Protein chains: 2
Amino acid sequence: MRLRLTEAILSDNDAAAAANREAVTQAGITMLNMMGSPGSGKTSVIEQLVSRQDAGGFAVIEGDIATDRDAARVRAAGAPAIQINTDGACHLAAKQVARALSELPLQQLRLVLIENVGNLVCPTSFDLGELGKVVVTSVPEGDEKPEKYPGAFRKACAVVLNKMDLLPHVRFDLGAFRASCRDINPSAPLFEVSCQTGEGIEELLAWMLSLRPATG
Amino acid sequence: MRLRLTEAILSDNDAAAAANREAVTQAGITMLNMMGSPGSGKTSVIEQLVSRQDAGGFAVIEGDIATDRDAARVRAAGAPAIQINTDGACHLAAKQVARALSELPLQQLRLVLIENVGNLVCPTSFDLGELGKVVVTSVPEGDEKPEKYPGAFRKACAVVLNKMDLLPHVRFDLGAFRASCRDINPSAPLFEVSCQTGEGIEELLAWMLSLRPATG
């Protein structure tokens, strides 16, 4: 019974996710679902990307258990942002994203970034209608994260390693991290970035803008 | 129906947690449940505590989605460790801890540390039979974590702020962090520690050893 109910919840979510995917695909929008631990720097990476957009067309959907701090930060960086508070829930659900999408001017957008609740586990299991999931992890979290949280890394369409500026100050084997990412998910590109120095942000932005949703 | 099933799962867990609590209390053991984000340094803090124990009597129960790396690290530091792999689940459950306790020599122990799955959200809701929950967060995660994850901080009997050695290298307002902790949970002591310099570890160890389970 427990299994069947879980399946029902997931299938309900999948239907809402399919509708989200249809809406953004029809509008020619790339939508990405960014997930990572609390404090991995998801909002900082998004701020960097937003502040470097030339042509506009970015919007952000912020998922947090509490506060609207992250949406305020993204708006200050220059993009519209919708804040969702999950009131304790450990991941965003597709219906919440549907409501946020209904508040955005889809015809004027080309990229929607969803920042999921800080959690390297639960958001993995919930489709929001995105083109792909981007895992954000960071140097001080340690080089063994791909092995310890394989579900998140396996489902990712890209991996962002943030806080590269802290490499001199912590024990982190970059070669081992790269090898783990390759072993677990050989097709996902790895972007090594720093929001302090700007390292790697242009490359990440260029990759995001190169993704086009399949239409029709 | 969804709510009732959730209640049933929690109540099933609560029964197992009560049995765990009875077992460790009867044996005079302090059991703490350590929770925090992936990469906050829970295992490193435990290694530091274990390596400073004089009289012995420590054991560790390690919860991870995958790998037995953390148990191996704790054993190398000098304490028995039981590894639980949750195979994707985002938190430990009381029955898993019961099985681990059955493999430990309870009569020889005074402190059992449970390291939960790296997750600042889900472990908050599950009682494992511990005396209290200790939240481990770290400087590079940012000073706003108590406000953004209030559930975890509100339920904690203590907060550990790890990676104090990184303060010179990141933006982190220590005054603001301390004030948030005080606002959200005035009765929980805050330990500011570094596993690189050893700062604060003795104080944390002394506090843990000062806790005695109420017997009878």
# chains A, B, ... in the order shown; residues from 1 in each chain; ligands from 1
call {"tool": "closest_atom_pairs", "arguments": {"of": "chain B", "to": "chain A", "cutoff": "9 Å", "atoms": "only C-alpha atoms", "output": "Markdown table"}}
result
| residue | atom | partner | partner_atom | distance |
| --- | --- | --- | --- | --- |
| B:Arg2 | CA | A:Leu5 | CA | 7.9 |
| B:Leu5 | CA | A:Arg2 | CA | 7.9 |
| B:Ser37 | CA | A:Ser37 | CA | 6.0 |
| B:Pro38 | CA | A:Ser37 | CA | 6.1 |
| B:Gly39 | CA | A:Glu141 | CA | 3.7 |
| B:Ser40 | CA | A:Glu141 | CA | 6.4 |
| B:Gly41 | CA | A:Glu141 | CA | 7.6 |
| B:Asp64 | CA | A:Lys148 | CA | 7.1 |
| B:Ile65 | CA | A:Lys148 | CA | 6.4 |
| B:Ala66 | CA | A:Lys148 | CA | 5.2 |
| B:Thr67 | CA | A:Lys148 | CA | 6.2 |
| B:Arg69 | CA | A:Lys148 | CA | 8.6 |
| B:Gly88 | CA | A:Gly151 | CA | 7.2 |
| B:Ala89 | CA | A:Val121 | CA | 7.8 |
| B:Cys90 | CA | A:Val121 | CA | 6.0 |
| B:Gly118 | CA | A:Leu120 | CA | 8.0 |
| B:Asn119 | CA | A:Asn119 | CA | 6.1 |
| B:Leu120 | CA | A:Asn119 | CA | 7.2 |
| B:Val121 | CA | A:Cys90 | CA | 6.0 |
| B:Cys122 | CA | A:Cys90 | CA | 6.6 |
| B:Ser138 | CA | A:Gly39 | CA | 8.7 |
| B:Pro140 | CA | A:Gly39 | CA | 6.9 |
| B:Glu141 | CA | A:Gly39 | CA | 3.7 |
| B:Gly142 | CA | A:Gly39 | CA | 6.0 |
| B:Lys145 | CA | A:Pro38 | CA | 7.7 |
| B:Glu147 | CA | A:Ala66 | CA | 7.1 |
| B:Lys148 | CA | A:Ala66 | CA | 5.2 |
| B:Tyr149 | CA | A:Ile65 | CA | 6.5 |
| B:Pro150 | CA | A:Ala66 | CA | 7.6 |
| B:Gly151 | CA | A:Gly88 | CA | 7.2 |
| B:Lys163 | CA | A:Pro140 | CA | 9.0 |
| B:Asp165 | CA | A:His169 | CA | 8.8 |
| B:Leu166 | CA | A:His169 | CA | 7.3 |
| B:His169 | CA | A:Leu166 | CA | 7.3 |
| B:Val170 | CA | A:Leu166 | CA | 8.4 |
call {"tool": "calpha_fit_and_write", "arguments": {"fixed": "chain B", "moving": "chain A", "output": "mmCIF file with C-alpha atoms, in the first residue's frame"}}
result
data_model
loop_
_atom_site.group_PDB
_atom_site.id
_atom_site.type_symbol
_atom_site.label_atom_id
_atom_site.label_comp_id
_atom_site.auth_asym_id
_atom_site.auth_seq_id
_atom_site.Cartn_x
_atom_site.Cartn_y
_atom_site.Cartn_z
ATOM 1 C CA MET A 1 -5.464 9.312 3.278
ATOM 2 C CA ARG A 2 -2.029 10.721 2.498
ATOM 3 C CA LEU A 3 -1.931 12.397 5.912
ATOM 4 C CA ARG A 4 -3.094 9.291 7.748
ATOM 5 C CA LEU A 5 -0.470 7.132 6.074
ATOM 6 C CA THR A 6 2.240 9.641 6.948
ATOM 7 C CA GLU A 7 1.024 9.539 10.527
ATOM 8 C CA ALA A 8 1.147 5.738 10.523
ATOM 9 C CA ILE A 9 4.717 5.685 9.216
ATOM 10 C CA LEU A 10 5.779 8.220 11.830
ATOM 11 C CA SER A 11 4.009 6.348 14.618
ATOM 12 C CA ASP A 12 5.673 3.073 13.572
ATOM 13 C CA ASN A 13 9.011 4.882 13.665
ATOM 14 C CA ASP A 14 8.187 6.429 17.043
ATOM 15 C CA ALA A 15 7.617 3.009 18.585
ATOM 16 C CA ALA A 16 11.022 1.787 17.393
ATOM 17 C CA ALA A 17 12.607 5.035 18.585
ATOM 18 C CA ALA A 18 11.075 4.599 22.053
ATOM 19 C CA ALA A 19 12.592 1.108 22.272
ATOM 20 C CA ASN A 20 16.001 2.462 21.233
ATOM 21 C CA ARG A 21 15.736 5.207 23.854
ATOM 22 C CA GLU A 22 14.848 2.678 26.544
ATOM 23 C CA ALA A 23 17.806 0.437 25.604
ATOM 24 C CA VAL A 24 20.449 3.146 25.645
ATOM 25 C CA THR A 25 19.028 4.855 28.734
ATOM 26 C CA GLN A 26 19.071 1.581 30.673
ATOM 27 C CA ALA A 27 22.709 1.118 29.653
ATOM 28 C CA GLY A 28 23.557 4.662 30.798
ATOM 29 C CA ILE A 29 24.486 5.743 27.287
ATOM 30 C CA THR A 30 24.139 9.218 25.818
ATOM 31 C CA MET A 31 23.018 8.885 22.184
ATOM 32 C CA LEU A 32 23.081 11.933 19.907
ATOM 33 C CA ASN A 33 21.744 12.273 16.350
ATOM 34 C CA MET A 34 24.020 14.437 14.219
ATOM 35 C CA MET A 35 22.453 16.003 11.156
ATOM 36 C CA GLY A 36 23.658 18.512 8.576
ATOM 37 C CA SER A 37 24.108 19.198 4.881
ATOM 38 C CA PRO A 38 26.274 16.964 2.722
ATOM 39 C CA GLY A 39 29.804 18.250 3.203
ATOM 40 C CA SER A 40 29.194 20.160 6.451
ATOM 41 C CA GLY A 41 31.902 17.978 8.004
ATOM 42 C CA LYS A 42 29.908 15.690 10.290
ATOM 43 C CA THR A 43 32.358 12.803 9.868
ATOM 44 C CA SER A 44 35.368 15.069 10.388
ATOM 45 C CA VAL A 45 33.905 16.397 13.652
ATOM 46 C CA ILE A 46 33.218 12.828 14.807
ATOM 47 C CA GLU A 47 36.793 11.798 13.899
ATOM 48 C CA GLN A 48 38.100 14.693 16.004
ATOM 49 C CA LEU A 49 35.898 13.754 18.972
ATOM 50 C CA VAL A 50 36.805 10.056 18.756
ATOM 51 C CA SER A 51 40.532 10.754 18.538
ATOM 52 C CA ARG A 52 40.349 12.879 21.716
ATOM 53 C CA GLN A 53 38.467 10.378 23.869
ATOM 54 C CA ASP A 54 40.608 9.313 26.831
ATOM 55 C CA ALA A 55 38.551 6.650 28.520
ATOM 56 C CA GLY A 56 36.987 5.044 25.450
ATOM 57 C CA GLY A 57 33.355 4.061 25.414
ATOM 58 C CA PHE A 58 32.486 5.754 22.133
ATOM 59 C CA ALA A 59 30.704 4.134 19.216
ATOM 60 C CA VAL A 60 29.362 5.578 15.975
ATOM 61 C CA ILE A 61 26.435 4.614 13.744
ATOM 62 C CA GLU A 62 27.004 5.910 10.222
ATOM 63 C CA GLY A 63 24.090 6.574 7.878
ATOM 64 C CA ASP A 64 24.820 7.057 4.202
ATOM 65 C CA ILE A 65 22.976 6.577 0.941
ATOM 66 C CA ALA A 66 25.981 4.693 -0.456
ATOM 67 C CA THR A 67 29.550 3.626 0.432
ATOM 68 C CA ASP A 68 31.090 2.620 3.781
ATOM 69 C CA ARG A 69 33.750 5.329 3.631
ATOM 70 C CA ASP A 70 32.564 7.118 6.774
ATOM 71 C CA ALA A 71 32.559 4.020 8.993
ATOM 72 C CA ALA A 72 36.082 3.222 7.777
ATOM 73 C CA ARG A 73 37.212 6.750 8.686
ATOM 74 C CA VAL A 74 35.708 6.497 12.180
ATOM 75 C CA ARG A 75 37.277 3.064 12.803
ATOM 76 C CA ALA A 76 40.652 4.444 11.731
ATOM 77 C CA ALA A 77 40.151 7.264 14.262
ATOM 78 C CA GLY A 78 39.653 4.677 17.009
ATOM 79 C CA ALA A 79 35.990 3.842 17.645
ATOM 80 C CA PRO A 80 33.736 0.960 16.592
ATOM 81 C CA ALA A 81 31.424 2.031 13.775
ATOM 82 C CA ILE A 82 28.407 0.391 12.165
ATOM 83 C CA GLN A 83 27.590 1.483 8.624
ATOM 84 C CA ILE A 84 23.986 1.708 7.458
ATOM 85 C CA ASN A 85 23.340 2.260 3.738
ATOM 86 C CA THR A 86 19.893 3.678 3.054
ATOM 87 C CA ASP A 87 20.024 2.910 -0.700
ATOM 88 C CA GLY A 88 18.583 6.246 -1.680
ATOM 89 C CA ALA A 89 16.518 7.113 1.401
ATOM 90 C CA CYS A 90 17.054 10.644 2.645
ATOM 91 C CA HIS A 91 17.192 9.957 6.408
ATOM 92 C CA LEU A 92 17.812 7.169 8.911
ATOM 93 C CA ALA A 93 14.861 5.362 10.493
ATOM 94 C CA ALA A 94 14.663 4.096 14.072
ATOM 95 C CA LYS A 95 14.543 0.428 13.039
ATOM 96 C CA GLN A 96 17.853 0.764 11.214
ATOM 97 C CA VAL A 97 19.375 2.236 14.362
ATOM 98 C CA ALA A 98 17.895 -0.632 16.416
ATOM 99 C CA ARG A 99 19.712 -3.164 14.238
ATOM 100 C CA ALA A 100 22.966 -1.220 14.583
ATOM 101 C CA LEU A 101 22.569 -0.987 18.382
ATOM 102 C CA SER A 102 22.124 -4.763 18.546
ATOM 103 C CA GLU A 103 25.615 -5.132 17.069
ATOM 104 C CA LEU A 104 27.269 -2.841 19.650
ATOM 105 C CA PRO A 105 28.519 -3.806 23.156
ATOM 106 C CA LEU A 106 26.135 -1.414 24.931
ATOM 107 C CA GLN A 107 27.374 -2.200 28.457
ATOM 108 C CA GLN A 108 30.841 -0.942 27.535
ATOM 109 C CA LEU A 109 29.677 2.325 25.971
ATOM 110 C CA ARG A 110 28.943 5.807 27.298
ATOM 111 C CA LEU A 111 28.419 7.774 24.074
ATOM 112 C CA VAL A 112 26.847 6.729 20.774
ATOM 113 C CA LEU A 113 26.945 9.244 17.944
ATOM 114 C CA ILE A 114 24.573 8.675 15.033
ATOM 115 C CA GLU A 115 25.648 10.397 11.841
ATOM 116 C CA ASN A 116 22.515 10.866 9.770
ATOM 117 C CA VAL A 117 22.361 11.049 5.964
ATOM 118 C CA GLY A 118 23.634 14.413 4.717
ATOM 119 C CA ASN A 119 20.409 16.409 4.612
ATOM 120 C CA LEU A 120 19.308 19.474 6.548
ATOM 121 C CA VAL A 121 15.600 18.785 6.084
ATOM 122 C CA CYS A 122 14.284 15.224 6.269
ATOM 123 C CA PRO A 123 16.152 13.830 9.318
ATOM 124 C CA THR A 124 14.459 16.570 11.381
ATOM 125 C CA SER A 125 11.159 14.677 11.320
ATOM 126 C CA PHE A 126 12.390 11.250 12.427
ATOM 127 C CA ASP A 127 13.086 10.368 16.051
ATOM 128 C CA LEU A 128 15.772 7.678 16.319
ATOM 129 C CA GLY A 129 15.624 7.381 20.116
ATOM 130 C CA GLU A 130 18.392 9.909 20.653
ATOM 131 C CA LEU A 131 18.757 12.211 23.657
ATOM 132 C CA GLY A 132 18.948 15.122 21.232
ATOM 133 C CA LYS A 133 19.730 16.244 17.700
ATOM 134 C CA VAL A 134 22.937 18.146 16.977
ATOM 135 C CA VAL A 135 22.947 20.295 13.845
ATOM 136 C CA VAL A 136 26.309 20.570 12.089
ATOM 137 C CA THR A 137 26.646 23.460 9.672
ATOM 138 C CA SER A 138 29.784 25.079 8.281
ATOM 139 C CA VAL A 139 31.164 28.515 7.477
ATOM 140 C CA PRO A 140 31.238 28.138 3.651
ATOM 141 C CA GLU A 141 27.523 27.221 3.657
ATOM 142 C CA GLY A 142 26.717 30.804 4.643
ATOM 143 C CA ASP A 143 25.419 32.658 7.683
ATOM 144 C CA GLU A 144 21.740 32.515 6.693
ATOM 145 C CA LYS A 145 21.238 28.769 7.145
ATOM 146 C CA PRO A 146 19.318 29.006 10.471
ATOM 147 C CA GLU A 147 16.727 31.275 8.838
ATOM 148 C CA LYS A 148 16.454 29.193 5.684
ATOM 149 C CA TYR A 149 16.235 25.798 7.435
ATOM 150 C CA PRO A 150 14.487 26.760 10.684
ATOM 151 C CA GLY A 151 13.062 23.289 11.364
ATOM 152 C CA ALA A 152 16.473 21.711 11.830
ATOM 153 C CA PHE A 153 17.808 24.515 14.012
ATOM 154 C CA ARG A 154 14.631 24.715 16.102
ATOM 155 C CA LYS A 155 14.751 21.005 16.983
ATOM 156 C CA ALA A 156 18.471 20.943 17.797
ATOM 157 C CA CYS A 157 19.822 20.538 21.327
ATOM 158 C CA ALA A 158 23.100 22.053 20.098
ATOM 159 C CA VAL A 159 24.533 23.700 16.989
ATOM 160 C CA VAL A 160 28.057 23.053 15.697
ATOM 161 C CA LEU A 161 29.497 25.649 13.325
ATOM 162 C CA ASN A 162 32.341 23.824 11.578
ATOM 163 C CA LYS A 163 35.215 25.028 9.313
ATOM 164 C CA MET A 164 35.943 28.157 11.369
ATOM 165 C CA ASP A 165 39.396 28.124 9.723
ATOM 166 C CA LEU A 166 37.720 29.232 6.457
ATOM 167 C CA LEU A 167 36.327 32.473 7.977
ATOM 168 C CA PRO A 168 39.095 34.634 6.423
ATOM 169 C CA HIS A 169 38.340 33.256 2.948
ATOM 170 C CA VAL A 170 34.558 33.572 2.638
ATOM 171 C CA ARG A 171 31.830 36.116 3.291
ATOM 172 C CA PHE A 172 30.248 35.044 6.576
ATOM 173 C CA ASP A 173 28.819 37.385 9.233
ATOM 174 C CA LEU A 174 29.531 35.535 12.474
ATOM 175 C CA GLY A 175 27.536 38.040 14.528
ATOM 176 C CA ALA A 176 24.489 37.567 12.317
ATOM 177 C CA PHE A 177 24.812 33.778 12.490
ATOM 178 C CA ARG A 178 25.039 33.832 16.300
ATOM 179 C CA ALA A 179 22.016 36.129 16.503
ATOM 180 C CA SER A 180 19.950 33.859 14.218
ATOM 181 C CA CYS A 181 20.775 30.788 16.281
ATOM 182 C CA ARG A 182 19.804 32.665 19.447
ATOM 183 C CA ASP A 183 16.537 33.883 17.927
ATOM 184 C CA ILE A 184 15.483 30.491 16.591
ATOM 185 C CA ASN A 185 16.648 28.332 19.493
ATOM 186 C CA PRO A 186 17.851 30.287 22.538
ATOM 187 C CA SER A 187 18.541 27.214 24.691
ATOM 188 C CA ALA A 188 20.852 25.376 22.267
ATOM 189 C CA PRO A 189 24.568 25.949 22.876
ATOM 190 C CA LEU A 190 26.644 26.934 19.836
ATOM 191 C CA PHE A 191 30.069 25.346 19.355
ATOM 192 C CA GLU A 192 32.361 27.040 16.840
ATOM 193 C CA VAL A 193 34.911 24.460 15.729
ATOM 194 C CA SER A 194 37.588 23.664 13.174
ATOM 195 C CA CYS A 195 38.750 20.159 12.358
ATOM 196 C CA GLN A 196 41.906 21.646 10.833
ATOM 197 C CA THR A 197 43.065 23.611 13.891
ATOM 198 C CA GLY A 198 41.178 21.674 16.586
ATOM 199 C CA GLU A 199 39.457 24.887 17.748
ATOM 200 C CA GLY A 200 36.391 24.203 19.880
ATOM 201 C CA ILE A 201 36.553 20.392 19.746
ATOM 202 C CA GLU A 202 37.472 19.968 23.435
ATOM 203 C CA GLU A 203 34.520 22.144 24.444
ATOM 204 C CA LEU A 204 32.155 20.141 22.246
ATOM 205 C CA LEU A 205 33.488 16.872 23.666
ATOM 206 C CA ALA A 206 33.172 18.130 27.254
ATOM 207 C CA TRP A 207 29.562 19.166 26.618
ATOM 208 C CA MET A 208 28.700 15.759 25.130
ATOM 209 C CA LEU A 209 30.257 13.959 28.079
ATOM 210 C CA SER A 210 28.367 16.196 30.514
ATOM 211 C CA LEU A 211 25.030 14.943 29.174
ATOM 212 C CA ARG A 212 23.650 12.009 31.110
ATOM 213 C CA PRO A 213 20.503 10.182 30.095
ATOM 214 C CA ALA A 214 17.779 10.228 32.754
ATOM 215 C CA THR A 215 17.494 6.653 34.036
ATOM 216 C CA GLY A 216 14.577 4.812 35.599
#
call {"tool": "select_by_dssp", "arguments": {"residues": "segment 5-209 of chain A", "states": "alpha helix (DSSP H)", "output": "ChimeraX atom specification"}}
result
/A:5-26,42-51,69-77,94-102,145-148,150-155,174-184,201-209
call {"tool": "select_by_dssp", "arguments": {"residues": "segment 79-214 of chain B", "states": "strand (DSSP E or B)", "output": "ChimeraX atom specification"}}
result
/B:81-85,111-115,132-138,156-162,190-192
